[in-house]
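Next comes input-v5.cif, with mmCIF, C-alpha atoms.
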```cif
data_protein
#
loop_
_atom_site.group_PDB
_atom_site.id
_atom_site.type_symbol
_atom_site.label_atom_id
_atom_site.label_comp_id
_atom_site.auth_asym_id
_atom_site.auth_seq_id
_atom_site.Cartn_x
_atom_site.Cartn_y
_atom_site.Cartn_z
ATOM 1 C CA MET A 855 10.524 16.678 9.244
ATOM 2 C CA LEU A 856 14.301 17.132 9.415
ATOM 3 C CA LEU A 857 16.330 13.980 9.271
ATOM 4 C CA THR A 858 19.528 13.583 11.231
ATOM 5 C CA GLY A 859 20.940 11.638 8.319
ATOM 6 C CA ASP A 860 19.801 10.307 4.963
ATOM 7 C CA TYR A 861 21.135 6.773 4.660
ATOM 8 C CA HIS A 862 19.794 5.768 1.242
ATOM 9 C CA THR A 863 21.067 7.873 -1.659
ATOM 10 C CA HIS A 864 22.351 7.031 -5.121
ATOM 11 C CA THR A 865 24.989 8.594 -7.357
ATOM 12 C CA VAL A 866 26.460 8.208 -10.832
ATOM 13 C CA TYR A 867 28.187 5.076 -9.518
ATOM 14 C CA SER A 868 24.894 3.277 -10.157
ATOM 15 C CA HIS A 869 21.479 4.710 -10.996
ATOM 16 C CA GLY A 870 21.776 8.248 -9.657
ATOM 17 C CA LYS A 871 22.349 11.552 -11.422
ATOM 18 C CA GLY A 872 24.612 13.345 -8.949
ATOM 19 C CA THR A 873 28.162 12.814 -7.784
ATOM 20 C CA VAL A 874 29.164 11.853 -4.265
ATOM 21 C CA LEU A 875 30.258 15.423 -3.559
ATOM 22 C CA GLU A 876 27.038 16.896 -4.936
ATOM 23 C CA ASN A 877 24.966 14.634 -2.687
ATOM 24 C CA ALA A 878 27.098 15.541 0.313
ATOM 25 C CA LEU A 879 26.941 19.272 -0.395
ATOM 26 C CA ARG A 880 23.160 19.070 -0.634
ATOM 27 C CA ALA A 881 23.003 17.186 2.660
ATOM 28 C CA LYS A 882 25.091 19.901 4.298
ATOM 29 C CA GLU A 883 22.973 22.642 2.736
ATOM 30 C CA ILE A 884 19.687 21.318 4.147
ATOM 31 C CA GLY A 885 21.082 20.672 7.612
ATOM 32 C CA LEU A 886 21.702 16.932 7.682
ATOM 33 C CA GLN A 887 24.387 15.790 10.094
ATOM 34 C CA GLU A 888 25.511 12.877 7.908
ATOM 35 C CA ILE A 889 24.753 11.030 4.693
ATOM 36 C CA ALA A 890 25.366 7.599 3.197
ATOM 37 C CA ILE A 891 26.126 6.854 -0.433
ATOM 38 C CA THR A 892 24.404 3.542 -1.114
ATOM 39 C CA ASP A 893 24.612 2.614 -4.752
ATOM 40 C CA HIS A 894 23.086 -0.567 -6.134
ATOM 41 C CA GLY A 895 24.845 -3.862 -5.462
ATOM 42 C CA PHE A 896 27.349 -5.683 -7.613
ATOM 43 C CA GLU A 897 24.932 -8.188 -9.151
ATOM 44 C CA GLN A 898 22.454 -5.602 -10.372
ATOM 45 C CA LEU A 899 22.997 -6.297 -14.069
ATOM 46 C CA ALA A 900 22.007 -2.968 -15.584
ATOM 47 C CA PHE A 901 23.586 -0.362 -13.309
ATOM 48 C CA GLY A 902 25.167 -1.895 -10.227
ATOM 49 C CA LEU A 903 28.365 -0.760 -8.570
ATOM 50 C CA ARG A 904 31.430 -2.603 -9.901
ATOM 51 C CA HIS A 905 34.259 -3.932 -7.750
ATOM 52 C CA ARG A 906 36.843 -1.989 -9.727
ATOM 53 C CA GLU A 907 35.061 1.234 -8.727
ATOM 54 C CA ILE A 908 35.293 0.683 -4.971
ATOM 55 C CA PRO A 909 38.675 2.405 -4.395
ATOM 56 C CA GLN A 910 37.523 5.568 -6.164
ATOM 57 C CA LEU A 911 34.158 5.498 -4.389
ATOM 58 C CA VAL A 912 35.921 5.310 -1.036
ATOM 59 C CA ARG A 913 38.201 8.207 -1.996
ATOM 60 C CA ASP A 914 35.238 10.263 -3.169
ATOM 61 C CA CYS A 915 33.369 9.720 0.105
ATOM 62 C CA ARG A 916 36.398 10.573 2.237
ATOM 63 C CA GLU A 917 37.093 13.708 0.189
ATOM 64 C CA ALA A 918 33.440 14.794 0.328
ATOM 65 C CA SER A 919 33.501 14.378 4.095
ATOM 66 C CA LYS A 920 36.570 16.606 4.360
ATOM 67 C CA LEU A 921 35.058 19.276 2.130
ATOM 68 C CA THR A 922 31.640 19.355 3.807
ATOM 69 C CA GLY A 923 32.591 18.625 7.397
ATOM 70 C CA ILE A 924 29.946 15.909 7.765
ATOM 71 C CA PRO A 925 30.407 12.126 7.696
ATOM 72 C CA VAL A 926 29.858 10.674 4.225
ATOM 73 C CA TYR A 927 29.501 6.926 4.606
ATOM 74 C CA VAL A 928 30.458 4.371 1.974
ATOM 75 C CA GLY A 929 27.455 2.106 1.597
ATOM 76 C CA THR A 930 25.648 -0.205 -0.756
ATOM 77 C CA GLU A 931 22.073 -1.217 -1.395
ATOM 78 C CA ALA A 932 22.750 -4.910 -1.808
ATOM 79 C CA ASN A 933 20.474 -7.263 -3.702
ATOM 80 C CA LEU A 934 18.669 -10.258 -2.250
ATOM 81 C CA CYS A 935 19.731 -13.184 -4.427
ATOM 82 C CA ASP A 936 18.022 -16.317 -3.112
ATOM 83 C CA GLU A 937 15.716 -17.892 -0.549
ATOM 84 C CA GLN A 938 18.652 -18.734 1.726
ATOM 85 C CA GLY A 939 19.261 -15.019 2.168
ATOM 86 C CA ARG A 940 22.433 -14.623 0.121
ATOM 87 C CA THR A 941 23.157 -11.071 -0.954
ATOM 88 C CA ASP A 942 25.721 -9.681 -3.368
ATOM 89 C CA LEU A 943 27.853 -8.085 -0.648
ATOM 90 C CA ASN A 944 30.478 -10.680 0.248
ATOM 91 C CA LYS A 945 32.466 -10.745 3.472
ATOM 92 C CA GLU A 946 35.713 -9.967 1.670
ATOM 93 C CA ASP A 947 34.188 -6.612 0.677
ATOM 94 C CA TYR A 948 33.044 -5.639 4.176
ATOM 95 C CA LYS A 949 36.256 -3.759 4.922
ATOM 96 C CA ASP A 950 35.458 -1.150 2.269
ATOM 97 C CA PHE A 951 31.946 -0.298 3.445
ATOM 98 C CA ASP A 952 30.431 1.575 6.379
ATOM 99 C CA ILE A 953 26.740 0.784 5.951
ATOM 100 C CA TYR A 954 24.848 -2.205 4.551
ATOM 101 C CA LEU A 955 21.383 -1.817 3.059
ATOM 102 C CA MET A 956 19.493 -4.589 1.282
ATOM 103 C CA GLY A 957 16.334 -4.962 -0.753
ATOM 104 C CA ILE A 958 14.631 -6.965 -3.468
ATOM 105 C CA HIS A 959 15.297 -5.646 -6.970
ATOM 106 C CA ARG A 960 14.691 -6.725 -10.530
ATOM 107 C CA PHE A 961 17.323 -7.607 -13.139
ATOM 108 C CA VAL A 962 19.723 -9.161 -10.682
ATOM 109 C CA LYS A 963 22.021 -12.149 -11.130
ATOM 110 C CA PHE A 964 20.071 -14.502 -8.885
ATOM 111 C CA THR A 965 21.628 -17.654 -7.455
ATOM 112 C CA SER A 966 19.501 -20.143 -9.402
ATOM 113 C CA PHE A 967 16.658 -20.338 -11.878
ATOM 114 C CA TYR A 968 14.337 -21.149 -8.974
ATOM 115 C CA ASP A 969 15.281 -17.871 -7.298
ATOM 116 C CA PHE A 970 15.042 -15.970 -10.597
ATOM 117 C CA TRP A 971 11.576 -17.427 -11.088
ATOM 118 C CA ASN A 972 10.363 -16.342 -7.657
ATOM 119 C CA LEU A 973 12.209 -13.088 -6.953
ATOM 120 C CA LEU A 974 11.790 -11.671 -10.451
ATOM 121 C CA MET A 975 9.201 -13.461 -12.532
ATOM 122 C CA ARG A 976 6.505 -14.365 -10.013
ATOM 123 C CA ASN A 977 6.807 -11.101 -8.079
ATOM 124 C CA SER A 978 6.723 -9.099 -11.322
ATOM 125 C CA LEU A 979 3.764 -11.029 -12.707
ATOM 126 C CA HIS A 980 1.655 -10.533 -9.607
ATOM 127 C CA THR A 981 2.657 -6.861 -9.336
ATOM 128 C CA THR A 982 2.005 -6.017 -12.985
ATOM 129 C CA LEU A 983 -1.280 -7.893 -13.301
ATOM 130 C CA HIS A 984 -2.453 -7.038 -9.768
ATOM 131 C CA ILE A 985 -2.942 -10.711 -9.003
ATOM 132 C CA LYS A 986 -3.253 -11.776 -5.389
ATOM 133 C CA PRO A 987 0.018 -13.541 -4.486
ATOM 134 C CA SER A 988 -0.093 -17.210 -3.617
ATOM 135 C CA LYS A 989 0.763 -18.491 -0.172
ATOM 136 C CA SER A 990 3.845 -20.192 -1.617
ATOM 137 C CA LEU A 991 5.181 -16.915 -3.055
ATOM 138 C CA ILE A 992 4.575 -15.073 0.215
ATOM 139 C CA ARG A 993 6.326 -17.883 2.069
ATOM 140 C CA TYR A 994 9.302 -17.803 -0.317
ATOM 141 C CA ASN A 995 9.774 -14.034 -0.017
ATOM 142 C CA THR A 996 9.307 -14.086 3.747
ATOM 143 C CA ASN A 997 11.895 -16.840 4.131
ATOM 144 C CA ALA A 998 14.323 -14.976 1.885
ATOM 145 C CA TYR A 999 14.053 -11.739 3.864
ATOM 146 C CA ILE A 1000 14.318 -13.470 7.237
ATOM 147 C CA ASN A 1001 17.281 -15.606 6.199
ATOM 148 C CA ALA A 1002 19.061 -12.526 4.875
ATOM 149 C CA ILE A 1003 18.567 -10.731 8.187
ATOM 150 C CA LYS A 1004 19.764 -13.746 10.161
ATOM 151 C CA ASN A 1005 22.772 -14.536 7.973
ATOM 152 C CA ASN A 1006 24.111 -11.044 7.200
ATOM 153 C CA PRO A 1007 24.793 -7.960 9.362
ATOM 154 C CA ILE A 1008 22.285 -5.884 7.410
ATOM 155 C CA ASP A 1009 21.596 -2.402 8.737
ATOM 156 C CA VAL A 1010 18.423 -1.595 6.820
ATOM 157 C CA ILE A 1011 15.801 -3.447 4.795
ATOM 158 C CA THR A 1012 14.919 -1.041 1.998
ATOM 159 C CA HIS A 1013 11.396 -0.514 0.613
ATOM 160 C CA LEU A 1014 10.049 -3.719 2.169
ATOM 161 C CA ASN A 1015 7.425 -5.364 -0.057
ATOM 162 C CA TYR A 1016 8.002 -3.064 -3.037
ATOM 163 C CA GLN A 1017 7.205 -5.189 -6.108
ATOM 164 C CA SER A 1018 7.266 -8.244 -3.860
ATOM 165 C CA PHE A 1019 5.022 -9.893 -1.305
ATOM 166 C CA CYS A 1020 5.872 -11.149 2.170
ATOM 167 C CA ASP A 1021 4.498 -11.445 5.677
ATOM 168 C CA VAL A 1022 5.709 -8.038 6.810
ATOM 169 C CA ALA A 1023 5.128 -8.692 10.507
ATOM 170 C CA GLU A 1024 7.284 -11.823 10.465
ATOM 171 C CA VAL A 1025 10.069 -10.010 8.628
ATOM 172 C CA ALA A 1026 9.804 -7.107 11.074
ATOM 173 C CA LYS A 1027 10.079 -9.466 14.046
ATOM 174 C CA ALA A 1028 13.319 -10.878 12.639
ATOM 175 C CA ALA A 1029 14.607 -7.353 12.018
ATOM 176 C CA ARG A 1030 13.723 -6.384 15.590
ATOM 177 C CA ASP A 1031 15.471 -9.425 17.036
ATOM 178 C CA TYR A 1032 18.666 -8.957 15.006
ATOM 179 C CA GLY A 1033 18.929 -5.165 15.161
ATOM 180 C CA THR A 1034 18.053 -4.386 11.550
ATOM 181 C CA TYR A 1035 16.001 -1.308 10.695
ATOM 182 C CA ILE A 1036 12.921 -1.254 8.491
ATOM 183 C CA GLU A 1037 13.035 1.665 6.091
ATOM 184 C CA LEU A 1038 10.194 4.078 5.476
ATOM 185 C CA ASN A 1039 11.054 4.983 1.903
ATOM 186 C CA SER A 1040 10.067 8.466 0.759
ATOM 187 C CA LYS A 1041 10.472 7.735 -2.953
ATOM 188 C CA LYS A 1042 7.887 4.999 -3.415
ATOM 189 C CA VAL A 1043 4.848 3.560 -1.681
ATOM 190 C CA HIS A 1044 5.918 0.093 -0.570
ATOM 191 C CA LEU A 1045 3.641 -0.767 2.357
ATOM 192 C CA SER A 1046 -0.061 -0.240 2.863
ATOM 193 C CA ASP A 1047 -1.132 1.707 5.928
ATOM 194 C CA GLU A 1048 -2.273 -1.558 7.486
ATOM 195 C CA GLU A 1049 1.112 -3.145 6.832
ATOM 196 C CA VAL A 1050 2.936 -0.164 8.337
ATOM 197 C CA ALA A 1051 0.807 -0.519 11.461
ATOM 198 C CA ALA A 1052 1.536 -4.246 11.631
ATOM 199 C CA VAL A 1053 5.269 -3.591 11.340
ATOM 200 C CA ARG A 1054 5.068 -0.849 13.970
ATOM 201 C CA ASP A 1055 3.289 -3.149 16.380
ATOM 202 C CA THR A 1056 6.227 -5.590 16.398
ATOM 203 C CA GLY A 1057 8.341 -2.926 18.105
ATOM 204 C CA VAL A 1058 10.946 -2.849 15.345
ATOM 205 C CA HIS A 1059 12.667 0.484 14.785
ATOM 206 C CA PHE A 1060 12.485 2.490 11.578
ATOM 207 C CA ILE A 1061 14.611 4.934 9.677
ATOM 208 C CA ILE A 1062 13.272 7.365 7.086
ATOM 209 C CA ASP A 1063 15.231 7.641 3.841
ATOM 210 C CA SER A 1064 14.818 9.578 0.622
ATOM 211 C CA ASP A 1065 16.122 6.889 -1.762
ATOM 212 C CA ALA A 1066 17.278 9.914 -3.738
ATOM 213 C CA HIS A 1067 18.433 9.318 -7.299
ATOM 214 C CA SER A 1068 18.904 13.048 -7.897
ATOM 215 C CA VAL A 1069 20.597 15.699 -5.807
ATOM 216 C CA ASP A 1070 17.453 17.755 -5.248
ATOM 217 C CA ARG A 1071 15.751 14.840 -3.464
ATOM 218 C CA ILE A 1072 18.389 14.382 -0.757
ATOM 219 C CA GLY A 1073 16.589 14.484 2.588
ATOM 220 C CA ASP A 1074 13.123 14.563 0.994
ATOM 221 C CA THR A 1075 10.550 13.104 3.408
ATOM 222 C CA ALA A 1076 7.312 14.336 1.803
ATOM 223 C CA LEU A 1077 5.857 10.899 1.083
ATOM 224 C CA VAL A 1078 6.632 9.610 4.575
ATOM 225 C CA ASP A 1079 5.284 12.805 6.146
ATOM 226 C CA LYS A 1080 1.915 12.026 4.572
ATOM 227 C CA LEU A 1081 2.147 8.417 5.738
ATOM 228 C CA LEU A 1082 2.779 9.518 9.315
ATOM 229 C CA GLU A 1083 -0.332 11.699 9.197
ATOM 230 C CA ARG A 1084 -2.346 8.536 8.570
ATOM 231 C CA VAL A 1085 -0.457 5.991 10.675
ATOM 232 C CA ASP A 1086 0.731 6.849 14.166
ATOM 233 C CA ILE A 1087 4.311 5.719 14.718
ATOM 234 C CA PRO A 1088 5.907 6.841 17.991
ATOM 235 C CA ARG A 1089 8.826 9.165 17.310
ATOM 236 C CA SER A 1090 10.820 7.033 19.735
ATOM 237 C CA GLN A 1091 10.557 4.222 17.174
ATOM 238 C CA ILE A 1092 12.165 6.278 14.376
ATOM 239 C CA ASP A 1093 15.913 6.507 14.881
ATOM 240 C CA ASN A 1094 17.095 9.221 12.484
ATOM 241 C CA ILE A 1095 14.968 12.174 13.578
ATOM 242 C CA ASP A 1096 15.088 14.613 16.506
ATOM 243 C CA GLY A 1097 18.884 14.567 16.483
ATOM 244 C CA LYS A 1098 19.088 10.790 16.924
ATOM 245 C CA LYS A 1099 21.538 8.666 14.969
ATOM 246 C CA PRO A 1100 20.911 4.974 14.263
ATOM 247 C CA GLN A 1101 22.944 2.246 15.918
ATOM 248 C CA PHE A 1102 23.970 0.243 12.878
ATOM 249 C CA ARG A 1103 24.739 -3.453 13.373
ATOM 250 C CA PHE A 1104 27.191 -3.624 10.449
ATOM 251 C CA ARG A 1105 29.513 -1.223 12.234
ATOM 252 C CA GLU A 1106 29.317 -3.290 15.414
ATOM 253 C CA TYR A 1107 29.898 -6.499 13.437
ATOM 254 C CA LYS A 1108 33.049 -5.064 11.879
ATOM 255 C CA GLU A 1109 34.369 -3.877 15.230
ATOM 256 C CA ARG A 1110 33.986 -7.389 16.640
ATOM 257 C CA ASN A 1111 35.101 -9.434 13.665
ATOM 258 C CA LEU A 1112 37.420 -7.454 11.386
#
```
Any chance you could put this one into structure tokens?
Amino acid sequence: MLLTGDYHTHTVYSHGKGTVLENALRAKEIGLQEIAITDHGFEQLAFGLRHREIPQLVRDCREASKLTGIPVYVGTEANLCDEQGRTDLNKEDYKDFDIYLMGIHRFVKFTSFYDFWNLLMRNSLHTTLHIKPSKSLIRYNTNAYINAIKNNPIDVITHLNYQSFCDVAEVAKAARDYGTYIELNSKKVHLSDEEVAAVRDTGVHFIIDSDAHSVDRIGDTALVDKLLERVDIPRSQIDNIDGKKPQFRFREYKERNL
């Protein structure tokens, strides 16, 4: 399956191995029409993007676009920081970015100990020990995702339910209502087939991303290709294939408000 664009890729600015230009050249080589550079958010403690790096990141993306002839978007994969839906992409930084992804990650500077306990410790414990999550943990995560979608102009929820537990249908309904995409991540299994079907049935739209941390994985859809053999998702519900380009809400938000 050929993507129109790969909107979730990492570089040496965070946890990736390639440069912005190397990612862009690979995208051009395999026939993508555009690519986003979406390094980990500012409050990822181990390898997040730093504010001081933004000017150079922007320059690198603009230069890569000139050299390759395809749009190279400045993005971030922001971190979910609390149950109220706060992320680590603040409004004062919006002007520097073109695309806004968000997911739950470990080793983040969470807002409070309560959020640290739920988003990191409880999710990690249940994931590692394969313990069925409690209703309270599912409720916490679901609230956090939904509040983030409502309170921020997020374009894409990345790897929904990876190392976390939520009511995926309720999150998908919020994403549908606010114009946020649910990602089908081709790097890691993050939803069961039954969960994918439940998300699909809400009518929300998807995008397929590689989540590439190395240049050779740009545009890789192998894992999602296998998923789509098992779960029927109408192609009309996937917005970065067949020449289609997503309508990102962050761009529309900036046009109206900045």
**Message:** Considering all atoms listed in the file, can you say which of A:Tyr994, A:Tyr968, A:Tyr927, A:Tyr867 comes closest to Ile953 (chain A)?
**Reply:**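 Checking each of A:Tyr994, A:Tyr968, A:Tyr927, A:Tyr867 against Ile953 (chain A), counting all atoms listed in the file, the winner is A:Tyr927.
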**Hits of the PyMOL selection byres ((chain A and resi 1018) around 8) in this structure, as a PyMOL selection string** = chain A and resi 958+973+977-978+981+995+1015-1017+1019-1020
Please write the residues from the selection above to a file, keeping C-alpha atoms, as an mmCIF file, in the frame of the given file.
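For reference, part-v5.cif as written:
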```
data_model
loop_
_atom_site.group_PDB
_atom_site.id
_atom_site.type_symbol
_atom_site.label_atom_id
_atom_site.label_comp_id
_atom_site.auth_asym_id
_atom_site.auth_seq_id
_atom_site.Cartn_x
_atom_site.Cartn_y
_atom_site.Cartn_z
ATOM 1 C CA ILE A 958 14.631 -6.965 -3.468
ATOM 2 C CA LEU A 973 12.209 -13.088 -6.953
ATOM 3 C CA ASN A 977 6.807 -11.101 -8.079
ATOM 4 C CA SER A 978 6.723 -9.099 -11.322
ATOM 5 C CA THR A 981 2.657 -6.861 -9.336
ATOM 6 C CA ASN A 995 9.774 -14.034 -0.017
ATOM 7 C CA ASN A 1015 7.425 -5.364 -0.057
ATOM 8 C CA TYR A 1016 8.002 -3.064 -3.037
ATOM 9 C CA GLN A 1017 7.205 -5.189 -6.108
ATOM 10 C CA PHE A 1019 5.022 -9.893 -1.305
ATOM 11 C CA CYS A 1020 5.872 -11.149 2.170
#
```
**Prompt:** Near Gln938 (chain A), within 8 Å and counting only C-alpha atoms, which residues show up once chain neighbours fewer than 2 positions away are dropped, as an NGL selection string?
**Reply:** :A and (936 or 940 or 997-998 or 1001-1002)
Could you save those same residues with C-alpha atoms as a short mmCIF file (atom, residue, chain, number, x, y, z; two decimals), in the coordinates of the input?
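Just written: result.cif:
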```cif
data_model
loop_
_atom_site.label_atom_id
_atom_site.label_comp_id
_atom_site.auth_asym_id
_atom_site.auth_seq_id
_atom_site.Cartn_x
_atom_site.Cartn_y
_atom_site.Cartn_z
CA ASP A 936 18.02 -16.32 -3.11
CA ARG A 940 22.43 -14.62 0.12
CA ASN A 997 11.90 -16.84 4.13
CA ALA A 998 14.32 -14.98 1.88
CA ASN A 1001 17.28 -15.61 6.20
CA ALA A 1002 19.06 -12.53 4.88
#
```
**Prompt:** Given the file above and the PyMOL selection byres ((chain A and resi 1094) around 10), which residues are selected, and can you give them as an MDAnalysis selection string?
**Reply:** chainID A and resid 856:861 1060:1063 1089:1093 1095:1101
**Request:** Check what the PyMOL selection byres ((chain A and resi 1026) around 10) selects in the file above and give those residues as an MDAnalysis selection string.
**Result:** chainID A and resid 999:1000 1003 1011 1014 1021:1025 1027:1032 1034:1036 1052:1060
Polymer residues at most 6 Å from (13.3, 3.1, 0.7) by all atoms listed in the file, as a PDB file with C-alpha atoms, in the coordinates of the input:
```pdb
ATOM      1  CA  THR A1012      14.919  -1.041   1.998  1.00  0.00           C
ATOM      2  CA  HIS A1013      11.396  -0.514   0.613  1.00  0.00           C
ATOM      3  CA  GLU A1037      13.035   1.665   6.091  1.00  0.00           C
ATOM      4  CA  LEU A1038      10.194   4.078   5.476  1.00  0.00           C
ATOM      5  CA  ASN A1039      11.054   4.983   1.903  1.00  0.00           C
ATOM      6  CA  ASP A1063      15.231   7.641   3.841  1.00  0.00           C
ATOM      7  CA  ASP A1065      16.122   6.889  -1.762  1.00  0.00           C
TER       8      ASP A1065
END
```
Please return region 877-891 of chain A, rebuilt to N, CA and C atoms, as a PDB file, in the coordinates of the input.
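Heads up, here's the output in out00.pdb:
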```
ATOM      1  N   ASN A 877      25.897  15.132  -3.707  1.00  0.00           N
ATOM      2  CA  ASN A 877      24.966  14.634  -2.687  1.00  0.00           C
ATOM      3  C   ASN A 877      25.338  15.149  -1.303  1.00  0.00           C
ATOM      4  N   ALA A 878      26.634  15.111  -1.003  1.00  0.00           N
ATOM      5  CA  ALA A 878      27.098  15.541   0.313  1.00  0.00           C
ATOM      6  C   ALA A 878      26.881  17.040   0.521  1.00  0.00           C
ATOM      7  N   LEU A 879      27.154  17.830  -0.502  1.00  0.00           N
ATOM      8  CA  LEU A 879      26.941  19.272  -0.395  1.00  0.00           C
ATOM      9  C   LEU A 879      25.466  19.596  -0.164  1.00  0.00           C
ATOM     10  N   ARG A 880      24.600  18.862  -0.832  1.00  0.00           N
ATOM     11  CA  ARG A 880      23.160  19.070  -0.634  1.00  0.00           C
ATOM     12  C   ARG A 880      22.750  18.688   0.788  1.00  0.00           C
ATOM     13  N   ALA A 881      23.296  17.590   1.280  1.00  0.00           N
ATOM     14  CA  ALA A 881      23.003  17.186   2.660  1.00  0.00           C
ATOM     15  C   ALA A 881      23.420  18.278   3.641  1.00  0.00           C
ATOM     16  N   LYS A 882      24.600  18.821   3.441  1.00  0.00           N
ATOM     17  CA  LYS A 882      25.091  19.901   4.298  1.00  0.00           C
ATOM     18  C   LYS A 882      24.189  21.133   4.193  1.00  0.00           C
ATOM     19  N   GLU A 883      23.787  21.450   2.985  1.00  0.00           N
ATOM     20  CA  GLU A 883      22.973  22.642   2.736  1.00  0.00           C
ATOM     21  C   GLU A 883      21.640  22.587   3.469  1.00  0.00           C
ATOM     22  N   ILE A 884      21.017  21.410   3.537  1.00  0.00           N
ATOM     23  CA  ILE A 884      19.687  21.318   4.147  1.00  0.00           C
ATOM     24  C   ILE A 884      19.742  20.959   5.628  1.00  0.00           C
ATOM     25  N   GLY A 885      20.953  20.845   6.174  1.00  0.00           N
ATOM     26  CA  GLY A 885      21.082  20.672   7.612  1.00  0.00           C
ATOM     27  C   GLY A 885      21.208  19.254   8.117  1.00  0.00           C
ATOM     28  N   LEU A 886      21.468  18.297   7.217  1.00  0.00           N
ATOM     29  CA  LEU A 886      21.702  16.932   7.682  1.00  0.00           C
ATOM     30  C   LEU A 886      23.049  16.848   8.390  1.00  0.00           C
ATOM     31  N   GLN A 887      23.133  15.979   9.371  1.00  0.00           N
ATOM     32  CA  GLN A 887      24.387  15.790  10.094  1.00  0.00           C
ATOM     33  C   GLN A 887      25.295  14.765   9.431  1.00  0.00           C
ATOM     34  N   GLU A 888      24.726  13.889   8.605  1.00  0.00           N
ATOM     35  CA  GLU A 888      25.511  12.877   7.908  1.00  0.00           C
ATOM     36  C   GLU A 888      24.696  12.307   6.758  1.00  0.00           C
ATOM     37  N   ILE A 889      25.400  11.607   5.865  1.00  0.00           N
ATOM     38  CA  ILE A 889      24.753  11.030   4.693  1.00  0.00           C
ATOM     39  C   ILE A 889      25.486   9.752   4.311  1.00  0.00           C
ATOM     40  N   ALA A 890      24.757   8.820   3.727  1.00  0.00           N
ATOM     41  CA  ALA A 890      25.366   7.599   3.197  1.00  0.00           C
ATOM     42  C   ALA A 890      25.164   7.555   1.688  1.00  0.00           C
ATOM     43  N   ILE A 891      26.189   7.105   1.008  1.00  0.00           N
ATOM     44  CA  ILE A 891      26.126   6.854  -0.433  1.00  0.00           C
ATOM     45  C   ILE A 891      25.923   5.356  -0.602  1.00  0.00           C
TER      46      ILE A 891
END
```
